[in-house]
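*Asks:* Structure in structure tokens, see below.
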Amino acid sequence: MPQPPAAHVTAAEISRIAGVTRATVSNWRRRHDDFPSPSGGTESSPLYDLEVVQAWLAARGHTTTAVPREEFRTALRLHAQGGAAGGTALLPLVLAASRHAPDDLTTFTELTDGDLAARATAEAKALADTVPGSDALRFAPADGAALRALFRCVRDEGGQAALGVLAERELEDSAASGTYQTPSPLAELTARLLPRSVGRVLDPACGSGTLLEAAARHGATELYGQDTLPVQAQRSAVGLLLETPQAEITVREGDSLRADAFPGLTVDAVLCNPPYGDRDWGHDELAYDPRWAYGVPARAESELAWIQHALAHLTPGGWAVLILPPATATRASGRRVRAELVRSGAVRAVVALPAGAAPPLHVGLQLWVLQRPEPGGAERKSVLFIDTAGAVEGTAVSGEPGRPVAATRTGSARNPLDWPALTARTLTHWEAFATAPDAFTGEPATARAVPVVDLLDDLVDLTPARQVRSSRTDIDPADLSARVDTGRRYLTETAQSLVRAAGHTGWVAAGSSAKEWRTATASDLARGGALTLLRTVLDPKTSRAASGAESFSPTSVLTGADIATGSAPSGDPAELRTEAAPVIAAGDVLVRAVAGGTGPMARVAEERDAGAFLGPNVHLLRPDPTRLDPWFLAGFLDSEDNIAGASTGSTVLHVAPGRLRIPLMPLEEQRRYGEAFRHVHALRVEAWKAARLAEETAGLLAGGLTGGALIPPPPPSGSSTADYSS
């Protein structure tokens, strides 16, 4: 019987299998004569025999660091070389596997390749009524390795982990452009802008289904989705069935504008993050489409086509929230359609988001809140504009009046945004406006209700920044002056703290070469009892109210953003969808679950953190204090190389805590390093606070001077004022 060809892996895949960085693999190649020689590829991109590599790693104690997600990722690449079924064909199996107990999945992995292929084919056929096209799938013995890796990944890390790996691979293979996943905090905000009573929700460009999942968490019971990319439609269908099994789910493939899969459907709400800047959306062939009730969108205005598509699917009085680029509010080619949308009362609010809130990260996107007009309904006399981009740089929503946000601000994993504060501010203004639009008073430079008649000029510019700052009478000079004084005071205090943090001395060189240590993974240390790994697992069917107040006694949640900025726990326990979340204790080591962005990745829990819930995007490592020093542990976990070696994914890098490596050294030596890491952490946090406070205070001063609310100080006594008057 012919032997199958040897499996080959790249240096990058070796680093993921071993749980180390690419640089470490390069080091091994240079320093160890027994490192496996390349068996294929090129000089610049060598390939290595997988079995030989695994044997070499086993001899060096690196056999336990590969996580099932990484093994699945590697298996998929090898599967593409000789497998019978493509990666997309495996998507329905994620759902099928998730419906089996872990012991069943273990049994599947022990089958022969032929029996495993037959079992997988039968599992796919059983989903014929749930996932379109699954009944046509056929698996062969050549797919055995990929099938085993899939079942192991689902068994050990869950269906969503396997789903993410598959979708990531297929999107890369299809060279799809402009495909972005809506970040979870933005999806939550979008869904919370809808009334709680919505039951039927449509997303005509559903992507991975993030918006529909958020809608289901907020009460939607019927979910409809469509996406032009087959891999995205399949991923959305499987993901929604995994996360919201209680909902009725229908997902279709196809271009919603050209070939609407739900032509007669009307729903309570539409949520959508449509493609941007698409000039080939069907302008010519759809010129007389009945959906264009507010005017035919220009070729460059695909976003206005999506807006009208959404409105056409709403019942009278139904709501839509779309995530759109800022050009939609200003382009001259869309002026007439914007005017009709405003005049009819369809546009209820436009919310400007800070740059970095969602991909593309360099653009400050906008949320458009729309409502389909009702025959004989109340006249809508104004449109709400909220500029959260300015709000995030301004004063805090709550706390001491006038205190700049940087003093208490938090950041997301990819950008320093305070999502809880941004969400709270947006919803506070939106709910006040939706309840009593005529009585809405707004907030200077942040939120303003603008009369419809004032918007219907030659530009019909719906940019929030322009509308909320258009009137100088909204600015109270005395209030602004007080805010500047408060900002300067906090800046001075923080600058003094920064000087103290930078004053730590005594750093010395290690010698002629850098020190090296034997290391162990966090998983190895956990198995040995030196530490405990904890995390919060969300349940989409659970809410705080349903779980009872007694089990939710803590009043805050520590988030990844809190770690990035060194702030106290800022999350809301009401948003935790779980019946049991770990409670943080002083001395716990907290690690952000998503790599990237600014600020530390890890820190040690202080007394102010004790008693807070562990947030869903944070890993908790609880060390045995007789064996591990917490700050020593946090310092090495925060290493850039360590985080990179433990991160998986493409667009979003998820940290696998078990793969993080810790040097093995005596406790006394650990404490010496721990004290040094404590100083480094303090320096980093104080530097971040000082930079943000300086930026915000300067912004207040510049805005006050240019807006007429502040005047320059008088010249020093005895100096001439001729220069000012000449």
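By convention here, the chains of the structure tokens are called A, B, ... in the order presented, each chain's residues are numbered starting at 1, and ligands are numbered starting at 1 in the order presented.
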Please provide the set of residues having any atom within 6 Å of region 441-455 of chain A, restricted to only C-alpha atoms, with same-chain residues fewer than 6 positions apart removed, written as JSON, numbers by chain.
*Replies:* {"A": [381, 382, 383, 384, 385, 386, 387, 391, 468, 469, 474]}
*Asks:* Applying 12 Å and only C-alpha atoms, which residues near Phe677 (chain A) remain after dropping the ones on its own chain fewer than 6 positions away? List them as JSON, numbers by chain.
*Replies:* {"A": [501, 504, 507, 600, 602, 603, 604, 629, 630, 631, 632, 633, 634, 635, 636, 637, 638, 639, 670, 671, 683, 684]}
*Asks:* For Ala465 (chain A), which of A:Pro326, A:Gly254, A:Gly529, A:Pro573 is the closest residue, counting only C-alpha atoms?
*Replies:*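 Of A:Pro326, A:Gly254, A:Gly529, A:Pro573, the one nearest Ala465 (chain A), counting only C-alpha atoms, is A:Pro326.
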*Asks:* For region 224-234 of chain A, work out the shell of residues within 8 Å, counting only C-alpha atoms and skipping chain neighbours fewer than 3 positions away, then give it as a ChimeraX atom specification.
*Replies:* /A:88,91-92,131,167,170-171,200-209,212,237-238,249-256,261
*Asks:* Would you export the selected residues with N, CA and C atoms as a PDB file, in the first residue's frame, please?
*Replies:*
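As a result, part34.pdb now contains:
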ATOM      1  N   THR A  88     -14.341  25.002   3.204  1.00  0.00           N
ATOM      2  CA  THR A  88     -15.734  25.402   3.364  1.00  0.00           C
ATOM      3  C   THR A  88     -16.630  24.196   3.647  1.00  0.00           C
ATOM      4  N   LEU A  91     -17.282  23.452   7.316  1.00  0.00           N
ATOM      5  CA  LEU A  91     -18.051  24.362   8.167  1.00  0.00           C
ATOM      6  C   LEU A  91     -19.268  23.694   8.814  1.00  0.00           C
ATOM      7  N   PRO A  92     -20.116  22.972   8.060  1.00  0.00           N
ATOM      8  CA  PRO A  92     -21.268  22.337   8.720  1.00  0.00           C
ATOM      9  C   PRO A  92     -20.865  21.345   9.805  1.00  0.00           C
ATOM     10  N   VAL A 131     -28.435  23.579   7.500  1.00  0.00           N
ATOM     11  CA  VAL A 131     -27.363  24.281   6.768  1.00  0.00           C
ATOM     12  C   VAL A 131     -27.481  23.919   5.295  1.00  0.00           C
ATOM     13  N   ALA A 167     -13.093  29.963   8.831  1.00  0.00           N
ATOM     14  CA  ALA A 167     -13.464  31.179   8.106  1.00  0.00           C
ATOM     15  C   ALA A 167     -12.233  31.995   7.760  1.00  0.00           C
ATOM     16  N   GLU A 170     -10.605  30.322   4.752  1.00  0.00           N
ATOM     17  CA  GLU A 170     -11.365  30.452   3.514  1.00  0.00           C
ATOM     18  C   GLU A 170     -11.365  31.886   3.006  1.00  0.00           C
ATOM     19  N   LEU A 171     -11.417  32.876   3.905  1.00  0.00           N
ATOM     20  CA  LEU A 171     -11.380  34.269   3.477  1.00  0.00           C
ATOM     21  C   LEU A 171     -10.037  34.597   2.854  1.00  0.00           C
ATOM     22  N   ARG A 200     -38.159  40.352  15.106  1.00  0.00           N
ATOM     23  CA  ARG A 200     -37.650  39.895  13.813  1.00  0.00           C
ATOM     24  C   ARG A 200     -36.590  40.884  13.332  1.00  0.00           C
ATOM     25  N   VAL A 201     -35.364  40.385  13.085  1.00  0.00           N
ATOM     26  CA  VAL A 201     -34.245  41.245  12.717  1.00  0.00           C
ATOM     27  C   VAL A 201     -33.569  40.686  11.472  1.00  0.00           C
ATOM     28  N   LEU A 202     -33.229  41.587  10.551  1.00  0.00           N
ATOM     29  CA  LEU A 202     -32.558  41.226   9.304  1.00  0.00           C
ATOM     30  C   LEU A 202     -31.206  41.924   9.223  1.00  0.00           C
ATOM     31  N   ASP A 203     -30.198  41.201   8.750  1.00  0.00           N
ATOM     32  CA  ASP A 203     -28.914  41.799   8.373  1.00  0.00           C
ATOM     33  C   ASP A 203     -28.629  41.385   6.938  1.00  0.00           C
ATOM     34  N   PRO A 204     -28.783  42.299   5.967  1.00  0.00           N
ATOM     35  CA  PRO A 204     -28.615  41.928   4.563  1.00  0.00           C
ATOM     36  C   PRO A 204     -27.165  41.815   4.113  1.00  0.00           C
ATOM     37  N   ALA A 205     -26.212  42.122   4.971  1.00  0.00           N
ATOM     38  CA  ALA A 205     -24.784  41.915   4.682  1.00  0.00           C
ATOM     39  C   ALA A 205     -24.173  41.339   5.952  1.00  0.00           C
ATOM     40  N   CYS A 206     -24.589  40.133   6.310  1.00  0.00           N
ATOM     41  CA  CYS A 206     -24.402  39.634   7.682  1.00  0.00           C
ATOM     42  C   CYS A 206     -22.987  39.236   8.023  1.00  0.00           C
ATOM     43  N   GLY A 207     -22.113  39.004   7.025  1.00  0.00           N
ATOM     44  CA  GLY A 207     -20.744  38.636   7.352  1.00  0.00           C
ATOM     45  C   GLY A 207     -20.703  37.431   8.261  1.00  0.00           C
ATOM     46  N   SER A 208     -20.044  37.573   9.398  1.00  0.00           N
ATOM     47  CA  SER A 208     -19.919  36.455  10.342  1.00  0.00           C
ATOM     48  C   SER A 208     -21.086  36.380  11.310  1.00  0.00           C
ATOM     49  N   GLY A 209     -22.062  37.283  11.204  1.00  0.00           N
ATOM     50  CA  GLY A 209     -23.255  37.209  12.040  1.00  0.00           C
ATOM     51  C   GLY A 209     -23.154  37.913  13.377  1.00  0.00           C
ATOM     52  N   LEU A 212     -26.265  40.077  14.258  1.00  0.00           N
ATOM     53  CA  LEU A 212     -27.442  39.265  14.554  1.00  0.00           C
ATOM     54  C   LEU A 212     -27.311  38.573  15.913  1.00  0.00           C
ATOM     55  N   ALA A 237     -24.392  31.276   9.437  1.00  0.00           N
ATOM     56  CA  ALA A 237     -25.440  30.307   9.774  1.00  0.00           C
ATOM     57  C   ALA A 237     -24.987  29.381  10.891  1.00  0.00           C
ATOM     58  N   VAL A 238     -23.787  28.837  10.757  1.00  0.00           N
ATOM     59  CA  VAL A 238     -23.287  27.904  11.773  1.00  0.00           C
ATOM     60  C   VAL A 238     -23.051  28.631  13.088  1.00  0.00           C
ATOM     61  N   ILE A 249     -33.544  30.829  12.797  1.00  0.00           N
ATOM     62  CA  ILE A 249     -32.440  31.393  12.009  1.00  0.00           C
ATOM     63  C   ILE A 249     -32.584  31.006  10.548  1.00  0.00           C
ATOM     64  N   THR A 250     -32.471  31.995   9.673  1.00  0.00           N
ATOM     65  CA  THR A 250     -32.483  31.756   8.224  1.00  0.00           C
ATOM     66  C   THR A 250     -31.385  32.604   7.599  1.00  0.00           C
ATOM     67  N   VAL A 251     -30.404  31.953   6.971  1.00  0.00           N
ATOM     68  CA  VAL A 251     -29.295  32.664   6.326  1.00  0.00           C
ATOM     69  C   VAL A 251     -29.193  32.182   4.887  1.00  0.00           C
ATOM     70  N   ARG A 252     -29.037  33.132   3.966  1.00  0.00           N
ATOM     71  CA  ARG A 252     -28.957  32.814   2.541  1.00  0.00           C
ATOM     72  C   ARG A 252     -27.704  33.435   1.919  1.00  0.00           C
ATOM     73  N   GLU A 253     -27.241  32.823   0.836  1.00  0.00           N
ATOM     74  CA  GLU A 253     -26.130  33.385   0.071  1.00  0.00           C
ATOM     75  C   GLU A 253     -26.684  34.323  -1.000  1.00  0.00           C
ATOM     76  N   GLY A 254     -25.844  35.263  -1.443  1.00  0.00           N
ATOM     77  CA  GLY A 254     -26.222  36.113  -2.561  1.00  0.00           C
ATOM     78  C   GLY A 254     -26.069  37.590  -2.268  1.00  0.00           C
ATOM     79  N   ASP A 255     -26.098  38.374  -3.325  1.00  0.00           N
ATOM     80  CA  ASP A 255     -25.986  39.830  -3.263  1.00  0.00           C
ATOM     81  C   ASP A 255     -27.361  40.405  -2.916  1.00  0.00           C
ATOM     82  N   SER A 256     -27.499  41.017  -1.769  1.00  0.00           N
ATOM     83  CA  SER A 256     -28.808  41.499  -1.318  1.00  0.00           C
ATOM     84  C   SER A 256     -29.377  42.587  -2.218  1.00  0.00           C
ATOM     85  N   ALA A 261     -32.688  37.831  -1.181  1.00  0.00           N
ATOM     86  CA  ALA A 261     -33.194  36.502  -0.827  1.00  0.00           C
ATOM     87  C   ALA A 261     -34.498  36.568  -0.048  1.00  0.00           C
TER      88      ALA A 261
END
*Asks:* Could you give me, as a JSON list (two decimals) with N, CA, C and O atoms, in the first residue's frame, the residues within 10 Å of region 34-44 of chain A, counting only C-alpha atoms and dropping anything in the same chain fewer than 4 positions from it?
*Replies:*
[["chain", "number", "residue", "atom", "x", "y", "z"],
["A", 6, "ALA", "N", 4.90, 12.87, 2.90],
["A", 6, "ALA", "CA", 5.22, 13.46, 4.21],
["A", 6, "ALA", "C", 4.60, 14.85, 4.32],
["A", 6, "ALA", "O", 4.58, 15.61, 3.35],
["A", 8, "HIS", "N", 4.58, 18.64, 5.43],
["A", 8, "HIS", "CA", 5.60, 19.66, 5.60],
["A", 8, "HIS", "C", 5.02, 20.88, 6.30],
["A", 8, "HIS", "O", 3.86, 21.24, 6.10],
["A", 9, "VAL", "N", 5.85, 21.52, 7.12],
["A", 9, "VAL", "CA", 5.42, 22.73, 7.84],
["A", 9, "VAL", "C", 6.46, 23.82, 7.64],
["A", 9, "VAL", "O", 7.64, 23.55, 7.38],
["A", 10, "THR", "N", 6.00, 25.06, 7.76],
["A", 10, "THR", "CA", 6.89, 26.21, 7.65],
["A", 10, "THR", "C", 7.47, 26.56, 9.02],
["A", 10, "THR", "O", 7.04, 26.04, 10.05],
["A", 11, "ALA", "N", 8.42, 27.48, 9.03],
["A", 11, "ALA", "CA", 8.99, 27.94, 10.30],
["A", 11, "ALA", "C", 7.93, 28.61, 11.16],
["A", 11, "ALA", "O", 7.94, 28.48, 12.40],
["A", 25, "VAL", "N", 12.58, 30.21, 16.74],
["A", 25, "VAL", "CA", 12.82, 29.14, 15.76],
["A", 25, "VAL", "C", 14.08, 29.45, 14.96],
["A", 25, "VAL", "O", 14.91, 28.56, 14.70],
["A", 28, "TRP", "N", 16.98, 28.56, 17.06],
["A", 28, "TRP", "CA", 17.21, 27.11, 17.10],
["A", 28, "TRP", "C", 17.97, 26.65, 15.85],
["A", 28, "TRP", "O", 18.88, 25.83, 15.94],
["A", 29, "ARG", "N", 17.58, 27.16, 14.71],
["A", 29, "ARG", "CA", 18.22, 26.76, 13.45],
["A", 29, "ARG", "C", 19.71, 27.10, 13.45],
["A", 29, "ARG", "O", 20.53, 26.33, 12.94],
["A", 30, "ARG", "N", 20.06, 28.26, 14.04],
["A", 30, "ARG", "CA", 21.46, 28.69, 14.04],
["A", 30, "ARG", "C", 22.29, 27.98, 15.11],
["A", 30, "ARG", "O", 23.46, 27.67, 14.89],
["A", 48, "TYR", "N", 9.74, 21.87, 6.41],
["A", 48, "TYR", "CA", 10.33, 20.84, 7.26],
["A", 48, "TYR", "C", 9.35, 19.69, 7.41],
["A", 48, "TYR", "O", 8.14, 19.89, 7.44],
["A", 49, "ASP", "N", 9.91, 18.48, 7.51],
["A", 49, "ASP", "CA", 9.09, 17.29, 7.72],
["A", 49, "ASP", "C", 8.44, 17.38, 9.10],
["A", 49, "ASP", "O", 9.13, 17.50, 10.12],
["A", 50, "LEU", "N", 7.10, 17.32, 9.14],
["A", 50, "LEU", "CA", 6.37, 17.52, 10.39],
["A", 50, "LEU", "C", 6.74, 16.47, 11.44],
["A", 50, "LEU", "O", 6.95, 16.80, 12.61],
["A", 52, "VAL", "N", 9.50, 14.74, 11.79],
["A", 52, "VAL", "CA", 10.86, 14.95, 12.28],
["A", 52, "VAL", "C", 10.87, 16.14, 13.25],
["A", 52, "VAL", "O", 11.53, 16.10, 14.30],
["A", 53, "VAL", "N", 10.14, 17.20, 12.90],
["A", 53, "VAL", "CA", 10.07, 18.38, 13.77],
["A", 53, "VAL", "C", 9.43, 18.01, 15.11],
["A", 53, "VAL", "O", 9.91, 18.40, 16.18],
["A", 54, "GLN", "N", 8.33, 17.26, 15.07],
["A", 54, "GLN", "CA", 7.66, 16.88, 16.31],
["A", 54, "GLN", "C", 8.57, 16.04, 17.19],
["A", 54, "GLN", "O", 8.58, 16.19, 18.42],
["A", 55, "ALA", "N", 9.36, 15.14, 16.59],
["A", 55, "ALA", "CA", 10.29, 14.32, 17.37],
["A", 55, "ALA", "C", 11.36, 15.21, 18.01],
["A", 55, "ALA", "O", 11.73, 15.01, 19.18],
["A", 56, "TRP", "N", 11.86, 16.20, 17.28],
["A", 56, "TRP", "CA", 12.89, 17.10, 17.83],
["A", 56, "TRP", "C", 12.31, 17.94, 18.97],
["A", 56, "TRP", "O", 12.96, 18.12, 20.00],
["A", 57, "LEU", "N", 11.09, 18.44, 18.78],
["A", 57, "LEU", "CA", 10.46, 19.23, 19.84],
["A", 57, "LEU", "C", 10.19, 18.38, 21.07],
["A", 57, "LEU", "O", 10.37, 18.84, 22.21]]
*Asks:* Interatomic distance between CA of Gly144 (chain A) and CA of Leu241 (chain A)?
*Replies:*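 Between CA of Gly144 (chain A) and CA of Leu241 (chain A) the gap is 25.2 Å.
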*Asks:* Out of A:Ala332, A:Ala126, A:Ala478, A:Ala358, which residue has the shortest atom-to-atom distance to Ala709 (chain A) when counting only C-alpha atoms?
*Replies:* A:Ala478
*Asks:* Which is closer to Ala424 (chain A) than all the others in A:Ser567, A:Pro616, A:Arg488, A:Leu189, using only C-alpha atoms?
*Replies:*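 Comparing A:Ser567, A:Pro616, A:Arg488, A:Leu189 against Ala424 (chain A), the winner is A:Leu189.
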